[in-house]
Protein chains: 2
Amino acid sequence: MSNLRVDGARLWSTLMETAAFGRTAKGGLCRLALSPEDAAVRRWFVEACEAIGCAVTIDQLGNIFARRTGSDPDLPPIAIGSHLDTQPTGGRFDGILGVLAGLEVLRTLEDADVVTRHPLEVVNWTNEEGARFAPAMLCAGVFAGAFDLDYALSREDRNGVSFAAALAESGFDGTAPVGGRPLAAHFELHIEQGPVLEAEGLEIGVVSGVQGIRWFDVEIAGLACHAGTMPMKLRRDALQAAARLAVAIDEIGRSDPDTSLSTIGIFEAYPGSRNTVPETIRMSVDLRHPRAEGLDRLEAAFHAAAEEIAAALSVTIEIKPVWSSPPVVFHPEVVGAIDAATAQLGYSRRSIVSGAGHDSVYISRVAPTGMIFVPCEDGISHNETENIMPIEAERGANVLLQAVLQFDSAA
Amino acid sequence: MSNLRVDGARLWSTLMETAAFGRTAKGGLCRLALSPEDAAVRRWFVEACEAIGCAVTIDQLGNIFARRTGSDPDLPPIAIGSHLDTQPTGGRFDGILGVLAGLEVLRTLEDADVVTRHPLEVVNWTNEEGARFAPAMLCAGVFAGAFDLDYALSREDRNGVSFAAALAESGFDGTAPVGGRPLAAHFELHIEQGPVLEAEGLEIGVVSGVQGIRWFDVEIAGLACHAGTMPMKLRRDALQAAARLAVAIDEIGRSDPDTSLSTIGIFEAYPGSRNTVPETIRMSVDLRHPRAEGLDRLEAAFHAAAEEIAAALSVTIEIKPVWSSPPVVFHPEVVGAIDAATAQLGYSRRSIVSGAGHDSVYISRVAPTGMIFVPCEDGISHNETENIMPIEAERGANVLLQAVLQFDSAA
């Protein structure tokens with residue numbers, strides 16, 4: 001079975017075929033969760049799975065499980081999951097590759113008449129993007145017990161349409177309970193959404209986990225004064241304090257090469273007059289690290305820098321945490337199966353930490369989980385120009401197939 | 001005559017009396033140039049000058065010259081000038097102190113029956129603030145040949161009312177030509193509008209000149225990317241380049257202690273999303289120095305820092321000059337008279353460079369000019385809370401009186 005390969009051409013034509021559901025003028029996709037376009041691709045997906053003999057289960061949040069029977073009826077299924085919904089100006093691969101590569105794996109096994117020990121389930125998780133119903137990864141989150149079912153059903157989009165109403169409208173309001181469904185493992189193939197693999201000329205990223213994120217709002221208060229009459233040494237310049245803090249935060253983000261990240265995305269200066277020293281700066285801080293203790297260290301360094309700068313420049317710096325997401329470390333057996341499969345296939349690879357969130361972040365709480373990354377053009381995602389090459393999709397699907405087979409025979 | 005002193009109580013009551021014209025609820029003034037409130041204080045001023053025997057001349061821009069005859073009919077007048085107009089939420093002293101202290105000087109000489117050699121002229125320059133008709137110091141500028149008469153007359157306020165129309169409406173559309181009026185000297189008493197004298201506990205600032213100003217717009221272009229997936233070392237972060245440039249500009253502003261100034265008042269980050277590395281920063285830079293070669297040095301250091309940072313962070317930095325005002329050095333004889341008068345009066349003093357522009361900046365082009373500063377509370381100006389103590393006004397007026405008398409006898 002280690003010689004088994006997916007049909008790369010079939011996978012690509014499936015990707016292109018389903019890209020008709022929600023296609024935008026610029027060649028991307030607008031397929032918001034539970035929209036008519038999302039319902040259309042869901043119907044297509046259910047039909048395609050049923051066409052190869054899968055039994056399809058839909059739960060009360062519209063999560064779709066397409067099951068191929070295994071040889072041992074006592075084993076829980078190995079799941080291959082991701083999502084078919086997109087950003088409003090999204091691409092054709094984010095999430096979609098993971099679901100359709102799962103379908104391609106089942107088709108390949110079907111063609112080769114291979115029966116795995118575990119049942120296999122390809123899963124389409126509802127509303128991963130969070131673009132229509134916040135928060136992101138909502139229904140994988142309920143499946144994993146991170147959110148209540150009622151919380152999810154009561155989410156509303158910008159037009160005040162509830163998740164429950166949109167779900168009923170889509171026709172995917174299933175009856176299966178959400179969660180409580182044991183999974184032997186959860187595999188997810190995804191585009192990297194970053195530039196690392198492409199920059200390093202590598203074919204596969206073996207994802208070791210998902211970095212933790214902490215968000216802060218910072219407000220710096222100094223004293224507004226006339227740019228022409230206030231000597232430098234008497235100023236309490238909020239912008240200068242912010243600039244120094246920004247530089248310090250950048251250095252903090254570089255403290256763990258290749259792992260830590262820090263970003264200031266929002267920076268607003270008030271009153272914003274050319275000849276007035278700014279009195280107030282409002283800025284955001286985004287700290288990321290694959291380990292909680294790493295995040296703690298970044299945060300401590302950030303607080304220390306703020307304190308030092310506030311004292312040195314006679315300003316006040318207020319730091320307010322606004323959100324955090326703990327780091328995830330994927331399961332060693334699943335990661336090991338992916339790594340071994342990649343090696344066996346002869347693809348160049350590296351261990352990589354996911355910078356973005358994925359359904360697997362929540363599913364990892366209830367099942368051994370791992371992810372496979374393939375490069376994407378210029379690292380661009382959440383964009384209609386998001387792109388990959390057919391060979392990259394094929395390699396990712398081959399790793400998915402072989403990793404699932406390895407896990408199936410080992411577990 | 002060196003024992004002659006102004007009547008501080010009369011000066012203060014005059015300041016308070018005229019503060020009724022345009023008084024705001026918060027105790028400041030809104031007396032925009034050529035408004036009904038400005039016209040009212042102008043009529044009051046003309047009456048007060050005529051009451052002590054002055055001949056009043058009004059030129060074609062409404063500049064008012066109130067002349068007290070001297071003993072030598074061949075000498076040009078010594079002028080004491082400033083402005084009675086204010087910012088929309090202005091204070092009771094900016095400009096006003098200079099005109100009313102001039103009136104107090106004439107009253108004091110009248111009471112003491114002192115006749116100077118030169119005629120003395122108290123001048124109210126029209127539209128110094130530029131708050132109604134841009135640019136600032138408009139009519140002193142025309143007097144000094146910096147602008148054309150027609151340019152001034154055609155300026156429009158925000159409601160589209162021309163200077164000429166507002167002038168006619170005010171009743172101060174005089175017939176005297178603007179400029180071509182030789183002045184032996186021009187003295188201007190003004191509040192400091194900054195914190196230096198107060199901070200150093202000094203009573204008088206002997207103004208040596210007005211610093212030059214250069215304004216720039218800076219645009220920094222990097223590359224927007226995802227805060228979670230783009231490694232630090234691959235980023236082209238426009239905000240980080242801007243922060244480093246801001247720190248460098250601050251250091252440049254501190255390079256000449258007590259004289260150079262640098263300010264970043266506007267700082268805008270785009271796209272301004274919490275988890276996106278900023279692609280574009282737009283910021284303003286304000287450089288000030290009392291000498292042109294100092295300004296050249298600051299500007300060269302600014303360009304060098306920008307070049308170095310652009311290269312180091314792989315961004316582009318575009319610097320566009322938007323305005324500049326050359327430095328002014330006041331006339332040694334006028335400055336000397338002010339310094340000697342202050343010393344003789346026993347007031348504590350220091351030499352100081354004006355950070356803001358004044359009518360004297362333009363008048364210095366056509367007449368020996370100097371300025372006297374008195375402290376103002378917390379350095380606050382252009383604000384309804386602008387404040388000084390009666391004794392500070394009195395000291396300033398005494399310096400004005402004695403400096404004029406010294407210049408009159410020496411020149």
# chains A, B, ... in the order shown; residues from 1 in each chain; ligands from 1

call {"tool": "residues_around", "arguments": {"residues": "His186 (chain A)", "least_positions_apart": "6", "cutoff": "9 Å", "atoms": "only C-alpha atoms", "output": "MDAnalysis selection string"}}
result
chainID A and resid 78:81 334 360 363:364 367:371

call {"tool": "select_by_dssp", "arguments": {"residues": "region 62-291 of chain A", "states": "strand (DSSP E)", "output": "number ranges by chain"}}
result
A: 64-68, 78-82, 120-124, 185-191, 204-210, 212-221, 225-226, 261-263, 267-270, 276-277, 280-289

call {"tool": "write_last_selection", "arguments": {"atoms": "C-alpha atoms", "output": "PDB file, in the first residue's frame"}}
result
ATOM      1  CA  ILE A  64     -20.775  16.823   7.483  1.00  0.00           C
ATOM      2  CA  PHE A  65     -19.189  13.403   8.140  1.00  0.00           C
ATOM      3  CA  ALA A  66     -18.772  11.152   5.052  1.00  0.00           C
ATOM      4  CA  ARG A  67     -17.844   7.694   6.305  1.00  0.00           C
ATOM      5  CA  ARG A  68     -16.116   4.867   4.466  1.00  0.00           C
ATOM      6  CA  ILE A  78      -9.852   8.332  11.388  1.00  0.00           C
ATOM      7  CA  ALA A  79     -11.122  11.755  10.361  1.00  0.00           C
ATOM      8  CA  ILE A  80      -9.788  13.909   7.520  1.00  0.00           C
ATOM      9  CA  GLY A  81     -11.297  17.342   8.023  1.00  0.00           C
ATOM     10  CA  SER A  82     -11.228  20.977   7.012  1.00  0.00           C
ATOM     11  CA  LEU A 120     -12.379   6.847   7.461  1.00  0.00           C
ATOM     12  CA  GLU A 121     -14.465  10.005   7.695  1.00  0.00           C
ATOM     13  CA  VAL A 122     -14.013  13.087   5.563  1.00  0.00           C
ATOM     14  CA  VAL A 123     -15.371  16.040   7.532  1.00  0.00           C
ATOM     15  CA  ASN A 124     -16.539  19.450   6.381  1.00  0.00           C
ATOM     16  CA  ALA A 185      -7.330  10.769  14.820  1.00  0.00           C
ATOM     17  CA  HIS A 186      -7.913  13.995  12.853  1.00  0.00           C
ATOM     18  CA  PHE A 187      -5.730  14.819   9.841  1.00  0.00           C
ATOM     19  CA  GLU A 188      -5.925  18.185   8.088  1.00  0.00           C
ATOM     20  CA  LEU A 189      -4.169  19.176   4.876  1.00  0.00           C
ATOM     21  CA  HIS A 190      -3.981  22.946   4.402  1.00  0.00           C
ATOM     22  CA  ILE A 191      -2.110  25.569   2.441  1.00  0.00           C
ATOM     23  CA  ILE A 204       5.764  19.759   2.659  1.00  0.00           C
ATOM     24  CA  GLY A 205       5.393  21.320   6.099  1.00  0.00           C
ATOM     25  CA  VAL A 206       4.941  18.826   8.905  1.00  0.00           C
ATOM     26  CA  VAL A 207       2.938  20.943  11.329  1.00  0.00           C
ATOM     27  CA  SER A 208       4.054  20.480  14.903  1.00  0.00           C
ATOM     28  CA  GLY A 209       1.352  22.673  16.380  1.00  0.00           C
ATOM     29  CA  VAL A 210      -0.365  26.029  16.276  1.00  0.00           C
ATOM     30  CA  GLY A 212      -0.552  30.790  20.805  1.00  0.00           C
ATOM     31  CA  ILE A 213      -1.714  34.355  20.312  1.00  0.00           C
ATOM     32  CA  ARG A 214      -2.167  37.200  22.774  1.00  0.00           C
ATOM     33  CA  TRP A 215      -3.689  40.522  21.780  1.00  0.00           C
ATOM     34  CA  PHE A 216      -3.354  43.776  23.688  1.00  0.00           C
ATOM     35  CA  ASP A 217      -4.584  47.350  23.402  1.00  0.00           C
ATOM     36  CA  VAL A 218      -2.046  49.939  24.463  1.00  0.00           C
ATOM     37  CA  GLU A 219      -2.808  53.550  25.327  1.00  0.00           C
ATOM     38  CA  ILE A 220       0.036  55.975  25.893  1.00  0.00           C
ATOM     39  CA  ALA A 221      -0.748  59.349  27.476  1.00  0.00           C
ATOM     40  CA  CYS A 225       2.208  71.011  23.404  1.00  0.00           C
ATOM     41  CA  HIS A 226       3.387  73.408  20.712  1.00  0.00           C
ATOM     42  CA  LEU A 261       6.302  36.914  16.364  1.00  0.00           C
ATOM     43  CA  SER A 262       5.244  40.424  17.342  1.00  0.00           C
ATOM     44  CA  THR A 263       3.209  42.914  15.373  1.00  0.00           C
ATOM     45  CA  PHE A 267      -1.191  52.903  15.555  1.00  0.00           C
ATOM     46  CA  GLU A 268      -3.195  56.092  16.001  1.00  0.00           C
ATOM     47  CA  ALA A 269      -1.787  59.467  17.083  1.00  0.00           C
ATOM     48  CA  TYR A 270      -3.936  62.210  18.642  1.00  0.00           C
ATOM     49  CA  THR A 276       1.528  69.721  18.063  1.00  0.00           C
ATOM     50  CA  VAL A 277       3.410  67.101  20.071  1.00  0.00           C
ATOM     51  CA  THR A 280      -2.221  60.178  23.063  1.00  0.00           C
ATOM     52  CA  ILE A 281      -1.217  57.088  21.099  1.00  0.00           C
ATOM     53  CA  ARG A 282      -3.464  54.050  20.754  1.00  0.00           C
ATOM     54  CA  MET A 283      -1.827  50.949  19.373  1.00  0.00           C
ATOM     55  CA  SER A 284      -2.414  47.215  19.154  1.00  0.00           C
ATOM     56  CA  VAL A 285       0.099  44.540  20.056  1.00  0.00           C
ATOM     57  CA  ASP A 286      -0.056  40.965  18.714  1.00  0.00           C
ATOM     58  CA  LEU A 287       2.340  38.454  20.309  1.00  0.00           C
ATOM     59  CA  ARG A 288       2.642  34.862  19.037  1.00  0.00           C
ATOM     60  CA  HIS A 289       4.667  31.889  20.201  1.00  0.00           C
TER      61      HIS A 289
END

call {"tool": "closest_atom_pairs", "arguments": {"of": "chain B", "to": "chain A", "cutoff": "7 Å", "atoms": "only C-alpha atoms", "output": "CSV"}}
result
residue,atom,partner,partner_atom,distance
B:Gln193,CA,A:Thr229,CA,6.7
B:Gly194,CA,A:Thr229,CA,4.8
B:Pro195,CA,A:Met230,CA,6.6
B:Ala227,CA,A:Thr263,CA,6.0
B:Gly228,CA,A:Gly355,CA,4.3
B:Thr229,CA,A:Gly355,CA,4.6
B:Met230,CA,A:Gly194,CA,5.8
B:Pro231,CA,A:Asp258,CA,6.4
B:Met232,CA,A:Leu261,CA,6.4
B:Gln240,CA,A:Val247,CA,6.5
B:Ala243,CA,A:Ala243,CA,4.4
B:Arg244,CA,A:Val247,CA,6.8
B:Ala246,CA,A:Ala243,CA,6.4
B:Val247,CA,A:Ala243,CA,6.5
B:Arg254,CA,A:Met232,CA,6.4
B:Asp258,CA,A:Pro231,CA,6.4
B:Leu261,CA,A:Met232,CA,6.4
B:Thr263,CA,A:Ala227,CA,6.0
B:Ile264,CA,A:Val277,CA,6.9
B:Gly265,CA,A:Arg274,CA,4.5
B:Ile266,CA,A:Gly272,CA,4.6
B:Phe267,CA,A:Ala269,CA,5.8
B:Glu268,CA,A:Glu268,CA,6.2
B:Ala269,CA,A:Phe267,CA,5.8
B:Gly272,CA,A:Ile266,CA,4.6
B:Ser273,CA,A:Gly265,CA,5.2
B:Arg274,CA,A:Gly265,CA,4.5
B:Asn275,CA,A:Gly265,CA,6.0
B:Thr276,CA,A:Gly265,CA,5.5
B:Val277,CA,A:Gly265,CA,5.5
B:Pro278,CA,A:Gly265,CA,5.7
B:Ser284,CA,A:Arg274,CA,6.1
B:Asp286,CA,A:Asn275,CA,6.8
B:Gly355,CA,A:Gly228,CA,4.3
B:Ala356,CA,A:Gly228,CA,5.7

call {"tool": "write_last_selection", "arguments": {"atoms": "C-alpha atoms", "output": "short mmCIF file (atom, residue, chain, number, x, y, z; two decimals), in the first residue's frame"}}
result
data_model
loop_
_atom_site.label_atom_id
_atom_site.label_comp_id
_atom_site.auth_asym_id
_atom_site.auth_seq_id
_atom_site.Cartn_x
_atom_site.Cartn_y
_atom_site.Cartn_z
CA GLN B 193 3.65 80.92 24.44
CA GLY B 194 6.08 78.36 25.81
CA PRO B 195 7.26 77.16 29.21
CA ALA B 227 0.93 38.83 11.55
CA GLY B 228 0.65 35.13 12.28
CA THR B 229 2.42 33.59 9.32
CA MET B 230 5.14 35.97 8.15
CA PRO B 231 8.42 35.37 10.00
CA MET B 232 10.04 38.47 11.46
CA GLN B 240 8.88 49.47 12.30
CA ALA B 243 9.22 53.93 14.57
CA ARG B 244 12.98 53.85 14.00
CA ALA B 246 10.73 58.71 14.66
CA VAL B 247 13.36 57.85 17.27
CA ARG B 254 18.08 66.99 20.67
CA ASP B 258 18.08 74.29 23.90
CA LEU B 261 13.43 71.05 17.81
CA THR B 263 8.32 66.88 16.09
CA ILE B 264 6.23 64.15 14.50
CA GLY B 265 2.66 65.31 14.95
CA ILE B 266 0.87 63.18 12.34
CA PHE B 267 1.39 59.42 12.18
CA GLU B 268 -1.06 57.21 10.28
CA ALA B 269 -0.73 53.44 9.76
CA GLY B 272 -4.67 49.56 10.39
CA SER B 273 -5.66 45.97 11.16
CA ARG B 274 -4.60 44.23 14.35
CA ASN B 275 -3.18 41.12 12.69
CA THR B 276 -1.72 42.69 9.55
CA VAL B 277 1.79 44.09 9.31
CA PRO B 278 1.33 47.74 8.17
CA SER B 284 4.72 64.63 9.28
CA ASP B 286 8.59 69.50 11.78
CA GLY B 355 9.41 79.29 18.53
CA ALA B 356 6.28 80.77 17.02
#

call {"tool": "closest_atom_pairs", "arguments": {"of": "region 146-236 of chain B", "to": "region 19-37 of chain B", "cutoff": "10 Å", "atoms": "only C-alpha atoms", "output": "JSON lines"}}
result
{"residue": "B:Phe163", "atom": "CA", "partner": "B:Leu34", "partner_atom": "CA", "distance": 8.2}
{"residue": "B:Ala164", "atom": "CA", "partner": "B:Leu34", "partner_atom": "CA", "distance": 9.9}
{"residue": "B:Ala165", "atom": "CA", "partner": "B:Leu34", "partner_atom": "CA", "distance": 9.6}
{"residue": "B:Ala166", "atom": "CA", "partner": "B:Leu34", "partner_atom": "CA", "distance": 5.9}
{"residue": "B:Leu167", "atom": "CA", "partner": "B:Leu34", "partner_atom": "CA", "distance": 6.0}
{"residue": "B:Ala168", "atom": "CA", "partner": "B:Leu34", "partner_atom": "CA", "distance": 9.0}
{"residue": "B:Glu169", "atom": "CA", "partner": "B:Leu34", "partner_atom": "CA", "distance": 8.0}
{"residue": "B:Ser170", "atom": "CA", "partner": "B:Leu34", "partner_atom": "CA", "distance": 5.8}
{"residue": "B:Gly171", "atom": "CA", "partner": "B:Leu34", "partner_atom": "CA", "distance": 9.0}
{"residue": "B:Phe172", "atom": "CA", "partner": "B:Leu34", "partner_atom": "CA", "distance": 8.3}

call {"tool": "residues_around", "arguments": {"residues": "Arg181 (chain A)", "least_positions_apart": "5", "cutoff": "10 Å", "atoms": "only C-alpha atoms", "output": "CSV table (one decimal) with N, CA and C atoms, in the first residue's frame"}}
result
chain,number,residue,atom,x,y,z
A,76,PRO,N,-12.9,3.4,16.2
A,76,PRO,CA,-13.4,4.7,15.9
A,76,PRO,C,-12.8,5.2,14.5
A,77,PRO,N,-13.5,6.1,13.9
A,77,PRO,CA,-13.0,6.5,12.5
A,77,PRO,C,-11.7,7.4,12.6
A,143,PHE,N,-17.9,21.0,18.6
A,143,PHE,CA,-17.6,19.6,18.6
A,143,PHE,C,-16.7,19.2,19.7
A,144,ALA,N,-15.7,20.1,19.9
A,144,ALA,CA,-14.6,19.8,20.9
A,144,ALA,C,-15.0,20.3,22.3
A,176,ALA,N,-27.9,14.7,14.0
A,176,ALA,CA,-26.8,14.1,14.9
A,176,ALA,C,-26.4,15.0,15.9
A,366,VAL,N,-9.9,16.9,21.5
A,366,VAL,CA,-10.7,15.6,21.7
A,366,VAL,C,-10.2,14.5,20.9
A,367,ALA,N,-9.2,14.7,20.1
A,367,ALA,CA,-8.7,13.6,19.3
A,367,ALA,C,-7.2,13.8,18.9

call {"tool": "residues_around", "arguments": {"residues": "Ala393 (chain A)", "least_positions_apart": "4", "cutoff": "8 Å", "atoms": "only C-alpha atoms", "output": "number ranges by chain"}}
result
A: 8, 11-12, 97, 101, 374, 388-389, 397

call {"tool": "closest_residue", "arguments": {"among": "A:Asp256, A:Asp113, A:Asp408, A:Glu308", "to": "Pro290 (chain A)", "atoms": "only C-alpha atoms"}}
result
A:Asp256

call {"tool": "atom_distance", "arguments": {"atom1": "CA of Cys139 (chain B)", "atom2": "CA of Ile352 (chain B)"}}
result
25.4 Å

call {"tool": "select_by_dssp", "arguments": {"residues": "region 29-158 of chain A", "states": "helix (DSSP H, G or I)", "output": "PyMOL selection string"}}
result
chain A and resi 36-51+96-111+138-143+149-154

call {"tool": "write_last_selection", "arguments": {"atoms": "C-alpha atoms", "output": "PDB file, in the first residue's frame"}}
result
ATOM      1  CA  PRO A  36     -26.589  29.571  -1.007  1.00  0.00           C
ATOM      2  CA  GLU A  37     -23.127  29.074  -2.524  1.00  0.00           C
ATOM      3  CA  ASP A  38     -21.955  27.148   0.534  1.00  0.00           C
ATOM      4  CA  ALA A  39     -25.137  25.041   0.442  1.00  0.00           C
ATOM      5  CA  ALA A  40     -24.457  24.288  -3.244  1.00  0.00           C
ATOM      6  CA  VAL A  41     -20.911  23.051  -2.669  1.00  0.00           C
ATOM      7  CA  ARG A  42     -22.157  21.050   0.329  1.00  0.00           C
ATOM      8  CA  ARG A  43     -24.758  19.286  -1.835  1.00  0.00           C
ATOM      9  CA  TRP A  44     -22.047  18.595  -4.418  1.00  0.00           C
ATOM     10  CA  PHE A  45     -19.792  17.192  -1.673  1.00  0.00           C
ATOM     11  CA  VAL A  46     -22.485  14.915  -0.213  1.00  0.00           C
ATOM     12  CA  GLU A  47     -23.315  13.569  -3.667  1.00  0.00           C
ATOM     13  CA  ALA A  48     -19.654  12.923  -4.483  1.00  0.00           C
ATOM     14  CA  CYS A  49     -19.159  11.048  -1.218  1.00  0.00           C
ATOM     15  CA  GLU A  50     -22.309   9.023  -1.620  1.00  0.00           C
ATOM     16  CA  ALA A  51     -21.230   8.185  -5.175  1.00  0.00           C
ATOM     17  CA  ILE A  96     -11.156  23.459   0.489  1.00  0.00           C
ATOM     18  CA  LEU A  97      -7.957  21.585  -0.337  1.00  0.00           C
ATOM     19  CA  GLY A  98      -8.217  19.695   2.968  1.00  0.00           C
ATOM     20  CA  VAL A  99     -11.790  18.500   2.331  1.00  0.00           C
ATOM     21  CA  LEU A 100     -11.368  17.632  -1.339  1.00  0.00           C
ATOM     22  CA  ALA A 101      -8.014  15.907  -0.749  1.00  0.00           C
ATOM     23  CA  GLY A 102      -9.899  13.811   1.822  1.00  0.00           C
ATOM     24  CA  LEU A 103     -12.401  12.917  -0.883  1.00  0.00           C
ATOM     25  CA  GLU A 104      -9.523  12.108  -3.233  1.00  0.00           C
ATOM     26  CA  VAL A 105      -8.017   9.796  -0.589  1.00  0.00           C
ATOM     27  CA  LEU A 106     -11.310   7.903  -0.334  1.00  0.00           C
ATOM     28  CA  ARG A 107     -11.629   7.743  -4.128  1.00  0.00           C
ATOM     29  CA  THR A 108      -8.065   6.408  -4.390  1.00  0.00           C
ATOM     30  CA  LEU A 109      -8.716   3.714  -1.778  1.00  0.00           C
ATOM     31  CA  GLU A 110     -11.991   2.853  -3.504  1.00  0.00           C
ATOM     32  CA  ASP A 111     -10.276   2.534  -6.909  1.00  0.00           C
ATOM     33  CA  LEU A 138     -17.136  27.826  15.556  1.00  0.00           C
ATOM     34  CA  CYS A 139     -18.498  24.355  14.837  1.00  0.00           C
ATOM     35  CA  ALA A 140     -15.263  22.430  15.345  1.00  0.00           C
ATOM     36  CA  GLY A 141     -15.184  24.376  18.613  1.00  0.00           C
ATOM     37  CA  VAL A 142     -18.615  23.102  19.679  1.00  0.00           C
ATOM     38  CA  PHE A 143     -17.650  19.585  18.569  1.00  0.00           C
ATOM     39  CA  LEU A 149     -24.434  24.346  20.947  1.00  0.00           C
ATOM     40  CA  ASP A 150     -26.884  27.146  21.785  1.00  0.00           C
ATOM     41  CA  TYR A 151     -24.086  29.709  21.647  1.00  0.00           C
ATOM     42  CA  ALA A 152     -23.312  28.628  18.091  1.00  0.00           C
ATOM     43  CA  LEU A 153     -26.943  28.515  16.971  1.00  0.00           C
ATOM     44  CA  SER A 154     -27.574  32.014  18.315  1.00  0.00           C
TER      45      SER A 154
END

call {"tool": "atom_distance", "arguments": {"atom1": "CA of Ile317 (chain B)", "atom2": "CA of Arg235 (chain A)"}}
result
26.6 Å

call {"tool": "residues_around", "arguments": {"residues": "Pro177 (chain B)", "least_positions_apart": "2", "cutoff": "7 Å", "atoms": "only C-alpha atoms", "output": "list in words"}}
result
Asp59, Gln60, Thr175 and Gly179 of chain B

call {"tool": "atom_distance", "arguments": {"atom1": "CA of Glu198 (chain B)", "atom2": "CA of Pro375 (chain B)"}}
result
5.5 Å

call {"tool": "closest_residue", "arguments": {"among": "A:Asp378, A:Val328, A:Thr69, A:Val361", "to": "Leu223 (chain B)", "atoms": "only C-alpha atoms"}}
result
A:Asp378
